[in-house]
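Q: Next comes the structure file protein_22.cif, holding mmCIF, C-alpha atoms.
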data_my_file
loop_
_atom_site.label_atom_id
_atom_site.label_comp_id
_atom_site.auth_asym_id
_atom_site.auth_seq_id
_atom_site.Cartn_x
_atom_site.Cartn_y
_atom_site.Cartn_z
CA MET A 28 -21.24 -8.26 10.40
CA LYS A 29 -22.62 -4.70 10.42
CA ASN A 30 -25.52 -4.09 12.80
CA ILE A 31 -27.75 -1.07 13.26
CA ILE A 32 -29.07 -0.84 16.82
CA ALA A 33 -31.96 1.52 17.59
CA ILE A 34 -32.33 2.58 21.21
CA LEU A 35 -35.17 4.47 22.83
CA LEU A 36 -33.55 6.42 25.63
CA GLU A 37 -34.76 8.81 28.30
CA ASN A 38 -33.91 12.36 27.25
CA GLU A 39 -31.91 13.12 30.40
CA PRO A 40 -28.42 14.54 31.05
CA GLY A 41 -25.82 11.78 31.10
CA ALA A 42 -28.01 9.11 29.45
CA LEU A 43 -26.04 9.18 26.18
CA SER A 44 -22.69 9.08 27.96
CA ARG A 45 -23.78 6.00 29.93
CA VAL A 46 -24.60 4.16 26.68
CA ILE A 47 -21.30 5.22 25.11
CA GLY A 48 -19.45 4.27 28.30
CA LEU A 49 -20.94 0.78 28.10
CA PHE A 50 -19.53 0.32 24.60
CA SER A 51 -16.15 1.69 25.63
CA ALA A 52 -15.87 -0.36 28.83
CA ARG A 53 -16.57 -3.62 27.01
CA GLY A 54 -14.37 -2.88 23.99
CA TYR A 55 -17.20 -2.60 21.46
CA ASN A 56 -16.56 -0.21 18.58
CA ILE A 57 -19.12 2.36 17.47
CA GLU A 58 -18.76 3.01 13.74
CA ASN A 59 -21.31 5.80 13.76
CA LEU A 60 -23.97 7.26 15.98
CA SER A 61 -26.94 9.57 15.61
CA VAL A 62 -29.30 10.81 18.29
CA ALA A 63 -32.28 13.17 18.38
CA PRO A 64 -35.47 13.71 20.38
CA THR A 65 -38.53 11.70 19.31
CA GLU A 66 -42.14 12.81 18.97
CA ASP A 67 -42.23 12.39 22.78
CA GLN A 68 -39.88 15.11 24.10
CA THR A 69 -38.99 12.97 27.15
CA LEU A 70 -37.40 10.34 24.90
CA SER A 71 -34.53 10.32 22.42
CA ARG A 72 -33.81 7.83 19.68
CA LEU A 73 -30.21 6.73 19.43
CA THR A 74 -29.02 4.82 16.39
CA ILE A 75 -25.65 3.08 16.62
CA THR A 76 -23.85 1.18 13.87
CA THR A 77 -21.42 -1.44 15.14
CA THR A 78 -19.96 -4.74 14.00
CA GLY A 79 -19.95 -8.12 15.65
CA SER A 80 -21.20 -11.67 15.62
CA ALA A 81 -24.72 -12.68 16.63
CA SER A 82 -23.49 -13.58 20.13
CA THR A 83 -21.72 -10.21 20.49
CA MET A 84 -24.90 -8.40 19.43
CA GLU A 85 -26.90 -10.42 21.96
CA GLN A 86 -24.45 -9.38 24.70
CA ILE A 87 -24.62 -5.72 23.65
CA THR A 88 -28.43 -5.83 23.71
CA LYS A 89 -28.47 -7.45 27.18
CA HIS A 90 -26.04 -4.85 28.56
CA LEU A 91 -28.00 -1.98 27.04
CA ASN A 92 -31.29 -3.25 28.48
CA ARG A 93 -29.73 -3.18 31.97
CA LEU A 94 -29.08 0.57 31.78
CA VAL A 95 -31.70 2.51 33.72
CA ASP A 96 -32.08 5.22 31.03
CA VAL A 97 -32.71 2.72 28.22
CA VAL A 98 -36.40 2.16 27.49
CA LYS A 99 -36.18 -0.20 24.50
CA VAL A 100 -33.49 -1.74 22.24
CA VAL A 101 -34.00 -3.18 18.75
CA ASN A 102 -31.34 -4.57 16.41
CA LEU A 103 -32.75 -3.32 13.09
CA SER A 104 -30.38 -5.59 11.15
CA GLU A 105 -32.26 -8.69 12.34
CA ALA A 106 -35.33 -7.94 10.21
CA PRO A 107 -36.28 -5.92 7.12
CA HIS A 108 -35.53 -2.25 7.61
CA VAL A 109 -34.88 0.97 5.75
CA GLU A 110 -31.53 2.62 6.32
CA ARG A 111 -30.19 5.91 5.04
CA GLU A 112 -27.19 8.16 5.42
CA LEU A 113 -26.85 11.85 4.57
CA LEU A 114 -23.78 13.25 2.82
CA LEU A 115 -22.95 16.90 2.37
CA ILE A 116 -19.91 17.28 0.14
CA LYS A 117 -18.20 20.40 -1.14
CA VAL A 118 -16.42 19.95 -4.45
CA ARG A 119 -14.37 22.18 -6.69
CA ALA A 120 -16.47 22.95 -9.77
CA VAL A 121 -14.82 25.14 -12.38
CA GLY A 122 -14.91 25.10 -16.15
CA LYS A 123 -15.86 21.77 -17.74
CA GLU A 124 -16.01 20.10 -14.31
CA ARG A 125 -19.24 21.94 -13.45
CA GLU A 126 -21.38 20.09 -15.97
CA GLU A 127 -19.79 16.72 -15.21
CA ILE A 128 -20.37 17.12 -11.47
CA LYS A 129 -23.97 18.19 -12.08
CA ARG A 130 -24.51 15.13 -14.29
CA LEU A 131 -23.04 12.79 -11.63
CA THR A 132 -25.18 14.42 -8.95
CA ASP A 133 -28.30 13.82 -11.07
CA ILE A 134 -27.34 10.18 -11.73
CA PHE A 135 -27.03 9.56 -7.97
CA ARG A 136 -30.25 11.53 -7.32
CA GLY A 137 -28.46 14.16 -5.28
CA HIS A 138 -29.13 17.87 -5.00
CA ILE A 139 -26.81 20.81 -5.40
CA VAL A 140 -27.68 22.92 -2.35
CA ASP A 141 -25.08 25.68 -2.65
CA VAL A 142 -23.31 27.16 -5.65
CA THR A 143 -20.39 29.55 -5.88
CA ASP A 144 -18.24 30.43 -8.87
CA LYS A 145 -15.70 27.76 -7.77
CA THR A 146 -17.66 25.16 -5.75
CA TYR A 147 -20.81 23.07 -5.51
CA THR A 148 -22.13 21.75 -2.22
CA ILE A 149 -24.06 18.55 -2.86
CA GLU A 150 -26.59 16.78 -0.65
CA LEU A 151 -27.03 13.04 -1.17
CA THR A 152 -29.00 10.47 0.80
CA GLY A 153 -29.03 6.71 0.51
CA GLU A 154 -27.47 3.54 1.79
CA GLN A 155 -23.82 3.72 2.77
CA GLU A 156 -22.77 1.84 -0.37
CA LYS A 157 -24.44 4.46 -2.59
CA ILE A 158 -22.79 7.32 -0.66
CA GLN A 159 -19.38 5.68 -0.95
CA ALA A 160 -19.89 4.93 -4.66
CA PHE A 161 -20.64 8.62 -5.29
CA ILE A 162 -17.51 9.71 -3.41
CA ASN A 163 -15.41 7.13 -5.30
CA THR A 164 -16.76 8.41 -8.63
CA LEU A 165 -15.60 11.97 -7.97
CA ASP A 166 -12.08 13.12 -8.72
CA ARG A 167 -10.32 13.02 -5.33
CA SER A 168 -8.60 16.33 -5.97
CA ALA A 169 -11.99 18.01 -6.46
CA ILE A 170 -13.26 17.06 -3.00
CA GLN A 171 -12.79 19.92 -0.57
CA GLU A 172 -14.86 18.77 2.41
CA THR A 173 -17.24 15.98 3.37
CA VAL A 174 -19.75 15.57 6.18
CA ARG A 175 -21.57 12.26 6.71
CA THR A 176 -24.27 11.50 9.25
CA GLY A 177 -23.71 7.78 9.43
CA ALA A 178 -26.50 5.28 9.06
CA THR A 179 -29.90 5.76 10.60
CA GLY A 180 -32.75 3.35 10.15
CA ILE A 181 -36.30 2.30 10.84
CA GLY A 182 -38.03 -1.07 10.75
CA ARG A 183 -40.24 -1.86 7.77
CA GLY A 184 -43.98 -2.35 8.03
CA ASP A 185 -45.54 -2.56 11.48
CA ARG A 186 -42.21 -3.01 13.28
CA THR A 187 -41.63 0.02 15.53
CA LEU A 188 -39.46 1.13 18.43
CA ARG A 189 -42.38 2.83 20.18
CA LEU A 190 -43.53 1.72 23.60
#
Please rewrite the model in this file as structure tokens.

A:
Amino acid sequence: MKNIIAILLENEPGALSRVIGLFSARGYNIENLSVAPTEDQTLSRLTITTTGSASTMEQITKHLNRLVDVVKVVNLSEAPHVERELLLIKVRAVGKEREEIKRLTDIFRGHIVDVTDKTYTIELTGEQEKIQAFINTLDRSAIQETVRTGATGIGRGDRTLRL
């Protein structure tokens, strides 16, 4: 089962590598990871997507909470949450393809952020399934380059990761 774990972490050198080392040492796989400073510059928010059973997630959470740099850990997948991923994709767009790609981008509520005479660069946000559906809809030979952020998320309502 896919889990999104949000971690509030001290913004210190080596803190991120200690978290990653924990996953590596115990054989847990990280499917994707995003990290950035929070509104408090002394803290960073780390979002990790991983898979595992409920007992595996409990073990991961316990191990993470033991790390000195970790301030708080929340498994967002355990309660209602909002999750998004960002895709930047460069596609070949010449001739009749241009209008079709623009139409598909509009259907998926994406934005064309760069245009040349031969390519479009498209920005799309949404759940991972939506991102993958968009990629699957495109002609594979038209795709020149893709960049994906991986999932990031936040709890719904009053649920927060703040101290």

Q: Check what the PyMOL selection byres ((chain A and resi 124) around 12) selects in the file above and give those residues as a list in words.

A: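 When the PyMOL selection byres ((chain A and resi 124) around 12) is applied to the shown file, the picked residues are Val118, Arg119, Ala120, Val121, Gly122, Lys123, Arg125, Glu126, Glu127, Ile128, Lys129, Arg130, Leu131, Asp144, Lys145, Thr146, Tyr147, Leu165, Asp166, Ser168 and Ala169 of chain A.
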
Q: Enter the distance from atom CA of A:Glu39 to atom CA of A:Leu103, in Å, rounded to one decimal.

A: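 Taking atom CA of A:Glu39 as the start and atom CA of A:Leu103 as the end point, the length is 23.9 Å.
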
Q: Which is closest to A:Lys99 among A:Ser71, A:Ser61, A:Thr132, A:Thr176, if we use all atoms listed in the file?

A: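 Of A:Ser71, A:Ser61, A:Thr132, A:Thr176, the one nearest A:Lys99, counting all atoms listed in the file, is A:Ser71.
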
Q: Interatomic distance between atom CA of A:Gly184 and atom CA of A:Glu156?

A: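 Calculated distance between atom CA of A:Gly184 and atom CA of A:Glu156 is 23.2 Å.
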
Q: Show me, as CSV, the residues of stretch 68-149 of chain A having an atom within 7 Å of stretch 42-58 of chain A, each with the closest atom pair and its distance in Å, using only C-alpha atoms.

A:
residue,atom,partner,partner_atom,distance
A:Ile75,CA,A:Ile57,CA,6.6
A:Thr76,CA,A:Glu58,CA,5.4
A:Thr77,CA,A:Ile57,CA,5.0
A:Asp96,CA,A:Ala42,CA,5.8

Q: Contacts of A:Ile139 at 7 Å or less, counting only C-alpha atoms, minus same-chain residues fewer than 3 places along, as a list in words?

A: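 Contacts, with the query itself left out: Tyr147, Thr148, Ile149 and Glu150 of chain A.
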
Q: I would like the residues chosen by the PyMOL selection byres ((chain A and resi 111) around 6) on the shown file; could you give them as a tab-separated table (two decimals) with C-alpha atoms, keeping the file's coordinate frame?

A:
chain	number	residue	atom	x	y	z
A	110	GLU	CA	-31.53	2.62	6.32
A	112	GLU	CA	-27.19	8.16	5.42
A	153	GLY	CA	-29.03	6.71	0.51
A	154	GLU	CA	-27.47	3.54	1.79
A	178	ALA	CA	-26.50	5.28	9.06
A	179	THR	CA	-29.90	5.76	10.60

Q: Just give me the gap between atom CA of A:Arg189 and atom CA of A:Leu114 in Å, one decimal is fine.

A: 27.5 Å

Q: Kindly provide the residues of stretch 41-155 of chain A that approach stretch 29-33 of chain A to within 10 Å, each paired with its closest atom pair and their distance in Å to one decimal, based on all atoms listed in the file, listed by chain and increasing number, as a Markdown table.

A:
| residue | atom | partner | partner_atom | distance |
| --- | --- | --- | --- | --- |
| A:Glu58 | CA | A:Lys29 | CA | 9.2 |
| A:Asn59 | CA | A:Ile31 | CA | 9.4 |
| A:Leu60 | CA | A:Ile31 | CA | 9.5 |
| A:Ser61 | CA | A:Ala33 | CA | 9.7 |
| A:Val62 | CA | A:Ala33 | CA | 9.7 |
| A:Arg72 | CA | A:Ala33 | CA | 6.9 |
| A:Leu73 | CA | A:Ala33 | CA | 5.8 |
| A:Thr74 | CA | A:Ala33 | CA | 4.6 |
| A:Ile75 | CA | A:Ile32 | CA | 5.2 |
| A:Thr76 | CA | A:Ile31 | CA | 4.5 |
| A:Thr77 | CA | A:Asn30 | CA | 5.4 |
| A:Thr78 | CA | A:Lys29 | CA | 4.5 |
| A:Gly79 | CA | A:Lys29 | CA | 6.8 |
| A:Ser80 | CA | A:Lys29 | CA | 8.8 |
| A:Ala81 | CA | A:Asn30 | CA | 9.4 |
| A:Met84 | CA | A:Asn30 | CA | 7.9 |
| A:Ile87 | CA | A:Ile32 | CA | 9.5 |
| A:Thr88 | CA | A:Ile32 | CA | 8.5 |
| A:Lys99 | CA | A:Ala33 | CA | 8.3 |
| A:Val100 | CA | A:Ala33 | CA | 5.9 |
| A:Val101 | CA | A:Ala33 | CA | 5.3 |
| A:Asn102 | CA | A:Ile32 | CA | 4.4 |
| A:Leu103 | CA | A:Ile31 | CA | 5.5 |
| A:Ser104 | CA | A:Asn30 | CA | 5.3 |
| A:Glu105 | CA | A:Asn30 | CA | 8.2 |
| A:His108 | CA | A:Ile31 | CA | 9.7 |
| A:Glu110 | CA | A:Ile31 | CA | 8.7 |

Q: Of the residues A:Val174, A:Ile181, A:Leu113, A:Val97, which is the one nearest to A:Lys157, using all atoms listed in the file?

A: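 Answer, going by the shortest atom-to-atom distance: A:Leu113.
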
Q: Could you pull the residues within 8 Å of A:Leu151, counting all atoms listed in the file, minus those fewer than 4 positions along the same chain, as a list in words?

A: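 That gives Leu113, Leu114, Leu115, Phe135, Arg136, Gly137, His138 and Ile158 of chain A.
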
Q: Taking into account only C-alpha atoms, which residue in the set A:Ala63, A:Ile34, A:Ala106, A:Leu70 is nearest to A:Asp185?

A: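 For A:Asp185, the nearest of the given residues is A:Ala106.
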
Q: Put a box with edges along x, y and z around all the listed atoms of stretch 92-109 of chain A, pad it by 5 Å on each side, then give me its centre and sizes in Å, one decimal, as AutoDock Vina command-line options.

A:
--center_x -32.7 --center_y -1.7 --center_z 19.7 --size_x 17.3 --size_y 23.9 --size_z 38.0

Q: Supply stretch 111-122 of chain A as a PDB file, in the frame of the given file, with all heavy atoms built in where the input has gaps.

A:
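This is the output file out.pdb:
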ATOM      1  N   ARG A 111     -30.667   4.813   5.865  1.00  0.00           N
ATOM      2  CA  ARG A 111     -30.190   5.910   5.040  1.00  0.00           C
ATOM      3  C   ARG A 111     -29.056   6.636   5.752  1.00  0.00           C
ATOM      4  O   ARG A 111     -28.934   6.604   6.964  1.00  0.00           O
ATOM      5  CB  ARG A 111     -31.309   6.939   4.767  1.00  0.00           C
ATOM      6  CG  ARG A 111     -32.444   6.419   3.918  1.00  0.00           C
ATOM      7  CD  ARG A 111     -31.988   6.204   2.482  1.00  0.00           C
ATOM      8  NE  ARG A 111     -33.065   5.739   1.651  1.00  0.00           N
ATOM      9  CZ  ARG A 111     -33.343   4.473   1.384  1.00  0.00           C
ATOM     10  NH1 ARG A 111     -32.624   3.504   1.920  1.00  0.00           N
ATOM     11  NH2 ARG A 111     -34.339   4.147   0.590  1.00  0.00           N
ATOM     12  N   GLU A 112     -28.257   7.307   4.938  1.00  0.00           N
ATOM     13  CA  GLU A 112     -27.190   8.160   5.420  1.00  0.00           C
ATOM     14  C   GLU A 112     -27.275   9.456   4.627  1.00  0.00           C
ATOM     15  O   GLU A 112     -27.698   9.457   3.471  1.00  0.00           O
ATOM     16  CB  GLU A 112     -25.833   7.497   5.195  1.00  0.00           C
ATOM     17  CG  GLU A 112     -24.667   8.328   5.665  1.00  0.00           C
ATOM     18  CD  GLU A 112     -23.324   7.613   5.558  1.00  0.00           C
ATOM     19  OE1 GLU A 112     -23.302   6.376   5.494  1.00  0.00           O
ATOM     20  OE2 GLU A 112     -22.307   8.319   5.537  1.00  0.00           O
ATOM     21  N   LEU A 113     -26.887  10.556   5.238  1.00  0.00           N
ATOM     22  CA  LEU A 113     -26.850  11.850   4.570  1.00  0.00           C
ATOM     23  C   LEU A 113     -25.404  12.253   4.358  1.00  0.00           C
ATOM     24  O   LEU A 113     -24.583  12.132   5.267  1.00  0.00           O
ATOM     25  CB  LEU A 113     -27.568  12.912   5.411  1.00  0.00           C
ATOM     26  CG  LEU A 113     -27.390  14.371   4.987  1.00  0.00           C
ATOM     27  CD1 LEU A 113     -28.068  14.623   3.644  1.00  0.00           C
ATOM     28  CD2 LEU A 113     -27.925  15.307   6.049  1.00  0.00           C
ATOM     29  N   LEU A 114     -25.110  12.726   3.152  1.00  0.00           N
ATOM     30  CA  LEU A 114     -23.780  13.250   2.820  1.00  0.00           C
ATOM     31  C   LEU A 114     -23.942  14.689   2.357  1.00  0.00           C
ATOM     32  O   LEU A 114     -24.809  14.996   1.528  1.00  0.00           O
ATOM     33  CB  LEU A 114     -23.166  12.434   1.675  1.00  0.00           C
ATOM     34  CG  LEU A 114     -21.921  13.033   1.001  1.00  0.00           C
ATOM     35  CD1 LEU A 114     -20.697  12.918   1.913  1.00  0.00           C
ATOM     36  CD2 LEU A 114     -21.651  12.344  -0.329  1.00  0.00           C
ATOM     37  N   LEU A 115     -23.146  15.562   2.907  1.00  0.00           N
ATOM     38  CA  LEU A 115     -22.950  16.900   2.370  1.00  0.00           C
ATOM     39  C   LEU A 115     -21.489  16.940   1.922  1.00  0.00           C
ATOM     40  O   LEU A 115     -20.587  16.636   2.714  1.00  0.00           O
ATOM     41  CB  LEU A 115     -23.204  17.990   3.413  1.00  0.00           C
ATOM     42  CG  LEU A 115     -24.637  18.135   3.888  1.00  0.00           C
ATOM     43  CD1 LEU A 115     -24.720  19.134   5.035  1.00  0.00           C
ATOM     44  CD2 LEU A 115     -25.545  18.571   2.747  1.00  0.00           C
ATOM     45  N   ILE A 116     -21.273  17.284   0.667  1.00  0.00           N
ATOM     46  CA  ILE A 116     -19.910  17.280   0.140  1.00  0.00           C
ATOM     47  C   ILE A 116     -19.682  18.539  -0.687  1.00  0.00           C
ATOM     48  O   ILE A 116     -20.506  18.910  -1.516  1.00  0.00           O
ATOM     49  CB  ILE A 116     -19.638  15.995  -0.685  1.00  0.00           C
ATOM     50  CG1 ILE A 116     -18.178  15.921  -1.136  1.00  0.00           C
ATOM     51  CG2 ILE A 116     -20.593  15.875  -1.857  1.00  0.00           C
ATOM     52  CD1 ILE A 116     -17.772  14.541  -1.660  1.00  0.00           C
ATOM     53  N   LYS A 117     -18.585  19.199  -0.400  1.00  0.00           N
ATOM     54  CA  LYS A 117     -18.200  20.400  -1.140  1.00  0.00           C
ATOM     55  C   LYS A 117     -17.116  20.008  -2.132  1.00  0.00           C
ATOM     56  O   LYS A 117     -16.104  19.419  -1.741  1.00  0.00           O
ATOM     57  CB  LYS A 117     -17.692  21.491  -0.207  1.00  0.00           C
ATOM     58  CG  LYS A 117     -17.442  22.819  -0.922  1.00  0.00           C
ATOM     59  CD  LYS A 117     -16.909  23.865   0.028  1.00  0.00           C
ATOM     60  CE  LYS A 117     -17.969  24.187   1.057  1.00  0.00           C
ATOM     61  NZ  LYS A 117     -17.576  25.316   1.918  1.00  0.00           N
ATOM     62  N   VAL A 118     -17.369  20.307  -3.396  1.00  0.00           N
ATOM     63  CA  VAL A 118     -16.420  19.950  -4.450  1.00  0.00           C
ATOM     64  C   VAL A 118     -16.041  21.165  -5.275  1.00  0.00           C
ATOM     65  O   VAL A 118     -16.844  22.086  -5.452  1.00  0.00           O
ATOM     66  CB  VAL A 118     -16.973  18.836  -5.372  1.00  0.00           C
ATOM     67  CG1 VAL A 118     -17.182  17.548  -4.606  1.00  0.00           C
ATOM     68  CG2 VAL A 118     -18.255  19.265  -6.042  1.00  0.00           C
ATOM     69  N   ARG A 119     -14.810  21.130  -5.773  1.00  0.00           N
ATOM     70  CA  ARG A 119     -14.370  22.180  -6.690  1.00  0.00           C
ATOM     71  C   ARG A 119     -15.124  21.972  -8.001  1.00  0.00           C
ATOM     72  O   ARG A 119     -15.203  20.861  -8.531  1.00  0.00           O
ATOM     73  CB  ARG A 119     -12.861  22.067  -6.931  1.00  0.00           C
ATOM     74  CG  ARG A 119     -12.309  23.208  -7.806  1.00  0.00           C
ATOM     75  CD  ARG A 119     -10.851  23.011  -8.164  1.00  0.00           C
ATOM     76  NE  ARG A 119     -10.740  21.905  -9.108  1.00  0.00           N
ATOM     77  CZ  ARG A 119     -10.103  20.753  -8.877  1.00  0.00           C
ATOM     78  NH1 ARG A 119      -9.494  20.568  -7.735  1.00  0.00           N
ATOM     79  NH2 ARG A 119     -10.060  19.801  -9.782  1.00  0.00           N
ATOM     80  N   ALA A 120     -15.700  23.043  -8.525  1.00  0.00           N
ATOM     81  CA  ALA A 120     -16.470  22.950  -9.770  1.00  0.00           C
ATOM     82  C   ALA A 120     -16.177  24.183 -10.612  1.00  0.00           C
ATOM     83  O   ALA A 120     -16.818  25.225 -10.459  1.00  0.00           O
ATOM     84  CB  ALA A 120     -17.960  22.845  -9.465  1.00  0.00           C
ATOM     85  N   VAL A 121     -15.190  24.050 -11.487  1.00  0.00           N
ATOM     86  CA  VAL A 121     -14.820  25.140 -12.380  1.00  0.00           C
ATOM     87  C   VAL A 121     -14.734  24.615 -13.804  1.00  0.00           C
ATOM     88  O   VAL A 121     -14.415  23.448 -14.029  1.00  0.00           O
ATOM     89  CB  VAL A 121     -13.476  25.804 -11.964  1.00  0.00           C
ATOM     90  CG1 VAL A 121     -13.606  26.548 -10.653  1.00  0.00           C
ATOM     91  CG2 VAL A 121     -12.353  24.789 -11.891  1.00  0.00           C
ATOM     92  N   GLY A 122     -15.033  25.465 -14.734  1.00  0.00           N
ATOM     93  CA  GLY A 122     -14.910  25.100 -16.150  1.00  0.00           C
ATOM     94  C   GLY A 122     -15.762  23.908 -16.535  1.00  0.00           C
ATOM     95  O   GLY A 122     -16.936  23.813 -16.195  1.00  0.00           O
TER      96      GLY A 122
END
